[in-house]
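For reference, the structure is listed below as structure tokens.
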Amino acid sequence: SRKLTLYRTCNILILLVLLVFVVEPLFEDDTSIVESIEGIITVVHPLTKYFIFMINKEQIRELLLQISKISVDEFRFPSKFIAKDTQFNKTIRVVQCVLPFFSGIVILTYLLRPILHDQMFIMKTWTINSVAVITIVLAMEYYLFLLIIPIMAGYDCLYLAFCTGLILHVRRLNYIFENLPNTDCPEQMETNLIRCIKYHELLLSTFKCLKSLYSFTFLFHYFCTLLSMCVELYEMLENSEYDIEQLAAVFAVVSQFAYYTFPVEEITSEFLDTSRSIYMSDWYNGNIASQKLTLTVMLKAQDNEHFSGGGIIPATVDTFSSVSYQYFH
């Protein structure tokens, strides 16, 4: 609607104006570069996600519709398998609730900065000798931190929901392939295989849409994590002490990077497991036509479906480990 578009535009304008006030201290001689970079990252992070969400909202809607259309009603699963899926869903819901909670604690430490450190602003900010301007800029800073939680709860939790849906569907596909019944009727056997192939193609198409939507976001998180960790580490070494705020900031940044790394790593792992599931089935007991079809699917399933940030940085646990190692080693 028009009002919603106006509201989103106002949010972006507020963040852009605040970014100007945060960037300006970089050009002052007596300003700590570390504090300025920390403030810039704090503003750019939600601004970038908010802007990406506005640009990709139609694609996100299409992806939601595509996932909702995926149906496996014609297949039957045992109660243990369903119980395992249910438990996995509950775990993801807990993660979706815990992440905003811990983010809220980190944000609270920032909001209390003016009181705890006896300073005017939350971040290193361009100061103008005007009470009205100071009040407006301070209000924008508080508004920024209050805006971070709904942005995370929306954009980030949607990402986890997409990944969770894909993981569950690929697991179901693997179970179907591994337990695909052989029948005396060749036509029925081929029909079952064709259903599985269409299911597999639909999941691959959905994963491709997910990659196009969140590829840049992962790349952005990668560089934000590296820069934030370097800045915080430099400040800790310079002050020769560990500050609770700095540790909380590092924990928040690393957690978000892990949030974007581990789910897609699990999707990739499940896709690779599809070939094994086909091989473990009784495909060799079928007729020649079904065997040929099964081998074709097995070869296709061996293709490495990977997720990367901008086609540069692979979204793997190894990438996360390398970034963490550079900070904690």
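Letters for chains follow the order of the structure tokens (A, B, ...), residue numbers begin at 1 for each chain, and ligand numbers begin at 1 in the order shown.
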What lies within 9 Å of Tyr155 in chain A using only C-alpha atoms, ignoring chain neighbours under 6 positions off, as a CSV table (one decimal) with N, CA, C and O atoms, in the first residue's frame?
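Final file, selection.csv:
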```csv
chain,number,residue,atom,x,y,z
A,49,LYS,N,20.1,-4.6,4.9
A,49,LYS,CA,19.1,-5.7,4.9
A,49,LYS,C,17.7,-5.1,4.6
A,49,LYS,O,16.9,-5.7,3.9
A,50,TYR,N,17.5,-3.9,5.1
A,50,TYR,CA,16.1,-3.3,4.9
A,50,TYR,C,16.0,-3.0,3.4
A,50,TYR,O,14.9,-3.2,2.8
A,53,PHE,N,15.5,-6.2,1.4
A,53,PHE,CA,14.2,-6.7,1.6
A,53,PHE,C,13.2,-6.0,0.7
A,53,PHE,O,12.3,-6.6,0.1
```
Discussion item. Taking 5 positions as the minimum chain separation for residues in the same chain, which residues sit within 12 Å of Ile278 in chain A when counting only C-alpha atoms? Answer as number ranges by chain.
Written reply: A: 173-181, 193, 196-197, 271-273, 283-284, 291, 293-302
Export of the given selection (N, CA and C atoms) as an mmCIF file, in the first residue's frame:
```cif
data_model
loop_
_atom_site.group_PDB
_atom_site.id
_atom_site.type_symbol
_atom_site.label_atom_id
_atom_site.label_comp_id
_atom_site.auth_asym_id
_atom_site.auth_seq_id
_atom_site.Cartn_x
_atom_site.Cartn_y
_atom_site.Cartn_z
ATOM 1 N N LEU A 173 12.461 -36.527 0.467
ATOM 2 C CA LEU A 173 12.788 -37.070 -0.847
ATOM 3 C C LEU A 173 13.785 -38.214 -0.715
ATOM 4 N N ASN A 174 14.793 -38.038 0.121
ATOM 5 C CA ASN A 174 15.805 -39.089 0.308
ATOM 6 C C ASN A 174 15.179 -40.358 0.889
ATOM 7 N N TYR A 175 14.254 -40.156 1.823
ATOM 8 C CA TYR A 175 13.577 -41.333 2.403
ATOM 9 C C TYR A 175 12.751 -42.053 1.337
ATOM 10 N N ILE A 176 12.063 -41.266 0.491
ATOM 11 C CA ILE A 176 11.237 -41.878 -0.562
ATOM 12 C C ILE A 176 12.101 -42.663 -1.534
ATOM 13 N N PHE A 177 13.231 -42.077 -1.932
ATOM 14 C CA PHE A 177 14.133 -42.767 -2.861
ATOM 15 C C PHE A 177 14.669 -44.063 -2.249
ATOM 16 N N GLU A 178 15.054 -43.980 -0.982
ATOM 17 C CA GLU A 178 15.664 -45.143 -0.337
ATOM 18 C C GLU A 178 14.660 -46.265 -0.117
ATOM 19 N N ASN A 179 13.377 -45.884 0.033
ATOM 20 C CA ASN A 179 12.349 -46.894 0.301
ATOM 21 C C ASN A 179 11.352 -47.009 -0.852
ATOM 22 N N LEU A 180 11.812 -46.675 -2.050
ATOM 23 C CA LEU A 180 10.940 -46.741 -3.214
ATOM 24 C C LEU A 180 10.561 -48.200 -3.490
ATOM 25 N N PRO A 181 9.270 -48.511 -3.434
ATOM 26 C CA PRO A 181 8.865 -49.922 -3.603
ATOM 27 C C PRO A 181 8.967 -50.370 -5.057
ATOM 28 N N LEU A 193 9.020 -43.280 -10.015
ATOM 29 C CA LEU A 193 10.298 -42.608 -10.228
ATOM 30 C C LEU A 193 10.108 -41.201 -10.794
ATOM 31 N N CYS A 196 9.177 -38.802 -8.135
ATOM 32 C CA CYS A 196 10.351 -38.425 -7.331
ATOM 33 C C CYS A 196 11.253 -37.451 -8.083
ATOM 34 N N ILE A 197 11.400 -37.670 -9.394
ATOM 35 C CA ILE A 197 12.237 -36.787 -10.203
ATOM 36 C C ILE A 197 11.645 -35.380 -10.233
ATOM 37 N N PHE A 271 21.257 -32.659 -0.072
ATOM 38 C CA PHE A 271 21.205 -32.870 -1.517
ATOM 39 C C PHE A 271 22.244 -33.902 -1.959
ATOM 40 N N LEU A 272 23.435 -33.827 -1.357
ATOM 41 C CA LEU A 272 24.468 -34.811 -1.692
ATOM 42 C C LEU A 272 24.077 -36.212 -1.228
ATOM 43 N N ASP A 273 23.274 -36.274 -0.172
ATOM 44 C CA ASP A 273 22.851 -37.565 0.370
ATOM 45 C C ASP A 273 21.789 -38.233 -0.503
ATOM 46 N N TRP A 283 16.878 -50.450 -6.400
ATOM 47 C CA TRP A 283 16.722 -50.049 -7.805
ATOM 48 C C TRP A 283 17.158 -51.145 -8.775
ATOM 49 N N TYR A 284 18.110 -51.973 -8.351
ATOM 50 C CA TYR A 284 18.658 -53.000 -9.240
ATOM 51 C C TYR A 284 17.684 -54.152 -9.460
ATOM 52 N N GLN A 291 15.757 -49.091 -14.255
ATOM 53 C CA GLN A 291 17.159 -49.033 -13.834
ATOM 54 C C GLN A 291 17.893 -47.888 -14.535
ATOM 55 N N LEU A 293 16.564 -45.183 -15.760
ATOM 56 C CA LEU A 293 16.028 -43.930 -15.223
ATOM 57 C C LEU A 293 16.616 -43.631 -13.853
ATOM 58 N N THR A 294 16.745 -44.656 -13.022
ATOM 59 C CA THR A 294 17.301 -44.480 -11.673
ATOM 60 C C THR A 294 18.755 -44.054 -11.731
ATOM 61 N N LEU A 295 19.543 -44.659 -12.623
ATOM 62 C CA LEU A 295 20.958 -44.304 -12.756
ATOM 63 C C LEU A 295 21.123 -42.860 -13.220
ATOM 64 N N THR A 296 20.224 -42.414 -14.097
ATOM 65 C CA THR A 296 20.261 -41.022 -14.565
ATOM 66 C C THR A 296 20.036 -40.055 -13.402
ATOM 67 N N VAL A 297 19.054 -40.376 -12.557
ATOM 68 C CA VAL A 297 18.777 -39.536 -11.386
ATOM 69 C C VAL A 297 19.945 -39.581 -10.408
ATOM 70 N N MET A 298 20.550 -40.746 -10.248
ATOM 71 C CA MET A 298 21.675 -40.893 -9.336
ATOM 72 C C MET A 298 22.855 -40.018 -9.762
ATOM 73 N N LEU A 299 23.115 -39.985 -11.073
ATOM 74 C CA LEU A 299 24.202 -39.156 -11.596
ATOM 75 C C LEU A 299 23.891 -37.671 -11.402
ATOM 76 N N LYS A 300 22.630 -37.285 -11.648
ATOM 77 C CA LYS A 300 22.229 -35.892 -11.462
ATOM 78 C C LYS A 300 22.343 -35.478 -10.002
ATOM 79 N N ALA A 301 22.001 -36.389 -9.101
ATOM 80 C CA ALA A 301 22.043 -36.083 -7.663
ATOM 81 C C ALA A 301 23.459 -35.913 -7.147
ATOM 82 N N GLN A 302 24.450 -36.406 -7.910
ATOM 83 C CA GLN A 302 25.843 -36.274 -7.487
ATOM 84 C C GLN A 302 26.415 -34.880 -7.762
#
```
Worksheet entry | Shell around range 3-9 of chain A at 12 Å using only C-alpha atoms, local window under 2 positions removed, as a list in words |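 Listing them by chain and then by number gives Ser1, Asn11, Ile12, Leu13, Ile14, Leu15, Leu16, Leu47, Tyr50, Phe51, Ile52, Phe53, Met54, Ile55, Lys57, Leu147 and Ile151 of chain A.
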Just-selected residues, N, CA and C atoms written as a PDB file, in the first residue's frame:
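As a result, out04.pdb now contains:
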```pdb
ATOM      1  N   SER A   1       0.825  -1.193   0.000  1.00  0.00           N
ATOM      2  CA  SER A   1       0.000   0.000   0.000  1.00  0.00           C
ATOM      3  C   SER A   1       0.867   1.254   0.000  1.00  0.00           C
ATOM      4  N   ASN A  11      11.989   5.269   6.663  1.00  0.00           N
ATOM      5  CA  ASN A  11      12.990   4.513   7.433  1.00  0.00           C
ATOM      6  C   ASN A  11      14.358   4.557   6.763  1.00  0.00           C
ATOM      7  N   ILE A  12      14.385   4.364   5.453  1.00  0.00           N
ATOM      8  CA  ILE A  12      15.653   4.394   4.722  1.00  0.00           C
ATOM      9  C   ILE A  12      16.275   5.786   4.770  1.00  0.00           C
ATOM     10  N   LEU A  13      15.456   6.822   4.622  1.00  0.00           N
ATOM     11  CA  LEU A  13      15.970   8.193   4.682  1.00  0.00           C
ATOM     12  C   LEU A  13      16.555   8.501   6.059  1.00  0.00           C
ATOM     13  N   ILE A  14      15.883   8.039   7.108  1.00  0.00           N
ATOM     14  CA  ILE A  14      16.386   8.249   8.471  1.00  0.00           C
ATOM     15  C   ILE A  14      17.739   7.580   8.657  1.00  0.00           C
ATOM     16  N   LEU A  15      17.858   6.345   8.184  1.00  0.00           N
ATOM     17  CA  LEU A  15      19.115   5.612   8.316  1.00  0.00           C
ATOM     18  C   LEU A  15      20.226   6.251   7.480  1.00  0.00           C
ATOM     19  N   LEU A  16      19.882   6.771   6.299  1.00  0.00           N
ATOM     20  CA  LEU A  16      20.880   7.432   5.455  1.00  0.00           C
ATOM     21  C   LEU A  16      21.384   8.724   6.094  1.00  0.00           C
ATOM     22  N   LEU A  47      20.550  -1.120   7.498  1.00  0.00           N
ATOM     23  CA  LEU A  47      20.172  -0.377   6.290  1.00  0.00           C
ATOM     24  C   LEU A  47      20.253  -1.265   5.055  1.00  0.00           C
ATOM     25  N   TYR A  50      17.460  -3.930   5.145  1.00  0.00           N
ATOM     26  CA  TYR A  50      16.148  -3.306   4.909  1.00  0.00           C
ATOM     27  C   TYR A  50      15.986  -2.985   3.424  1.00  0.00           C
ATOM     28  N   PHE A  51      17.046  -2.476   2.811  1.00  0.00           N
ATOM     29  CA  PHE A  51      17.012  -2.118   1.394  1.00  0.00           C
ATOM     30  C   PHE A  51      16.868  -3.369   0.527  1.00  0.00           C
ATOM     31  N   ILE A  52      17.605  -4.427   0.860  1.00  0.00           N
ATOM     32  CA  ILE A  52      17.515  -5.689   0.108  1.00  0.00           C
ATOM     33  C   ILE A  52      16.106  -6.267   0.203  1.00  0.00           C
ATOM     34  N   PHE A  53      15.528  -6.180   1.394  1.00  0.00           N
ATOM     35  CA  PHE A  53      14.169  -6.703   1.589  1.00  0.00           C
ATOM     36  C   PHE A  53      13.167  -5.958   0.718  1.00  0.00           C
ATOM     37  N   MET A  54      13.303  -4.631   0.641  1.00  0.00           N
ATOM     38  CA  MET A  54      12.380  -3.840  -0.179  1.00  0.00           C
ATOM     39  C   MET A  54      12.515  -4.193  -1.659  1.00  0.00           C
ATOM     40  N   ILE A  55      13.753  -4.420  -2.104  1.00  0.00           N
ATOM     41  CA  ILE A  55      13.983  -4.742  -3.519  1.00  0.00           C
ATOM     42  C   ILE A  55      13.459  -6.136  -3.861  1.00  0.00           C
ATOM     43  N   LYS A  57      11.174  -8.076  -2.221  1.00  0.00           N
ATOM     44  CA  LYS A  57       9.941  -8.527  -1.556  1.00  0.00           C
ATOM     45  C   LYS A  57       9.051  -9.366  -2.472  1.00  0.00           C
ATOM     46  N   LEU A 147      14.773  -0.546  15.502  1.00  0.00           N
ATOM     47  CA  LEU A 147      14.403  -1.080  14.202  1.00  0.00           C
ATOM     48  C   LEU A 147      15.137  -2.376  13.874  1.00  0.00           C
ATOM     49  N   ILE A 151      13.711  -6.051  11.917  1.00  0.00           N
ATOM     50  CA  ILE A 151      14.388  -6.405  10.670  1.00  0.00           C
ATOM     51  C   ILE A 151      14.931  -7.824  10.766  1.00  0.00           C
TER      52      ILE A 151
END
```
Item to complete: Go through A:Pro263, A:Gly104, A:Pro25, A:Pro78 one by one, measure the shortest atom-to-atom distance of each to Ile40 in chain A using only C-alpha atoms, and give the residue with the smallest value.
Response: A:Pro25
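Compared by their closest atoms to Thr91 in chain A, and using only C-alpha atoms, the residues A:Leu160, A:Leu227, A:Leu237, A:Val44 rank with A:Leu160 nearest.
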Discussion item. Considering only alpha helix (DSSP H) as DSSP defines it on the backbone, what residues of range 119-219 of chain A qualify? List them as a ChimeraX atom specification.
Written reply: /A:131-151,157-178,186-219
Worksheet item: Residues at most 8 Å from range 94-98 of chain A, counting only C-alpha atoms, excluding those fewer than 3 positions away in the same chain, as a PyMOL selection string?
Response: chain A and resi 90-91+101-102+153+157+160
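Here CA of Gly311 in chain A is placed at a distance of 22.3 Å from CA of Ser228 in chain A.
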Practice prompt. Would you work out the distance separating CA of Ile67 in chain A from CA of Thr206 in chain A, expressed in Å to one decimal?
Written response: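 If I compute the distance from CA of Ile67 in chain A to CA of Thr206 in chain A, I get 7.2 Å.
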Worksheet entry | Contacts of Ala315 in chain A at 12 Å (only C-alpha atoms; same-chain gap of 4+ positions) as number ranges by chain | A: 211, 214-219, 221-222, 257-269, 305-311, 319-323
Worksheet item: Which distance in Å separates CA of Ala248 in chain A and CA of Pro100 in chain A, to one decimal?
Response: 13.6 Å
Discussion item. With distances taken over only C-alpha atoms, which residue among A:Ser324, A:Ser68, A:Asn89, A:Thr125 lies nearest Cys230 in chain A?
Written reply: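 Using only C-alpha atoms, Cys230 in chain A sits closest to A:Ser324.
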Worksheet item: Which is closer to Asp282 in chain A than all the others in A:Ile37, A:Met189, A:Leu213, A:Ile312, using only C-alpha atoms?
Response: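 Using only C-alpha atoms, the shortest distance to Asp282 in chain A belongs to A:Met189.
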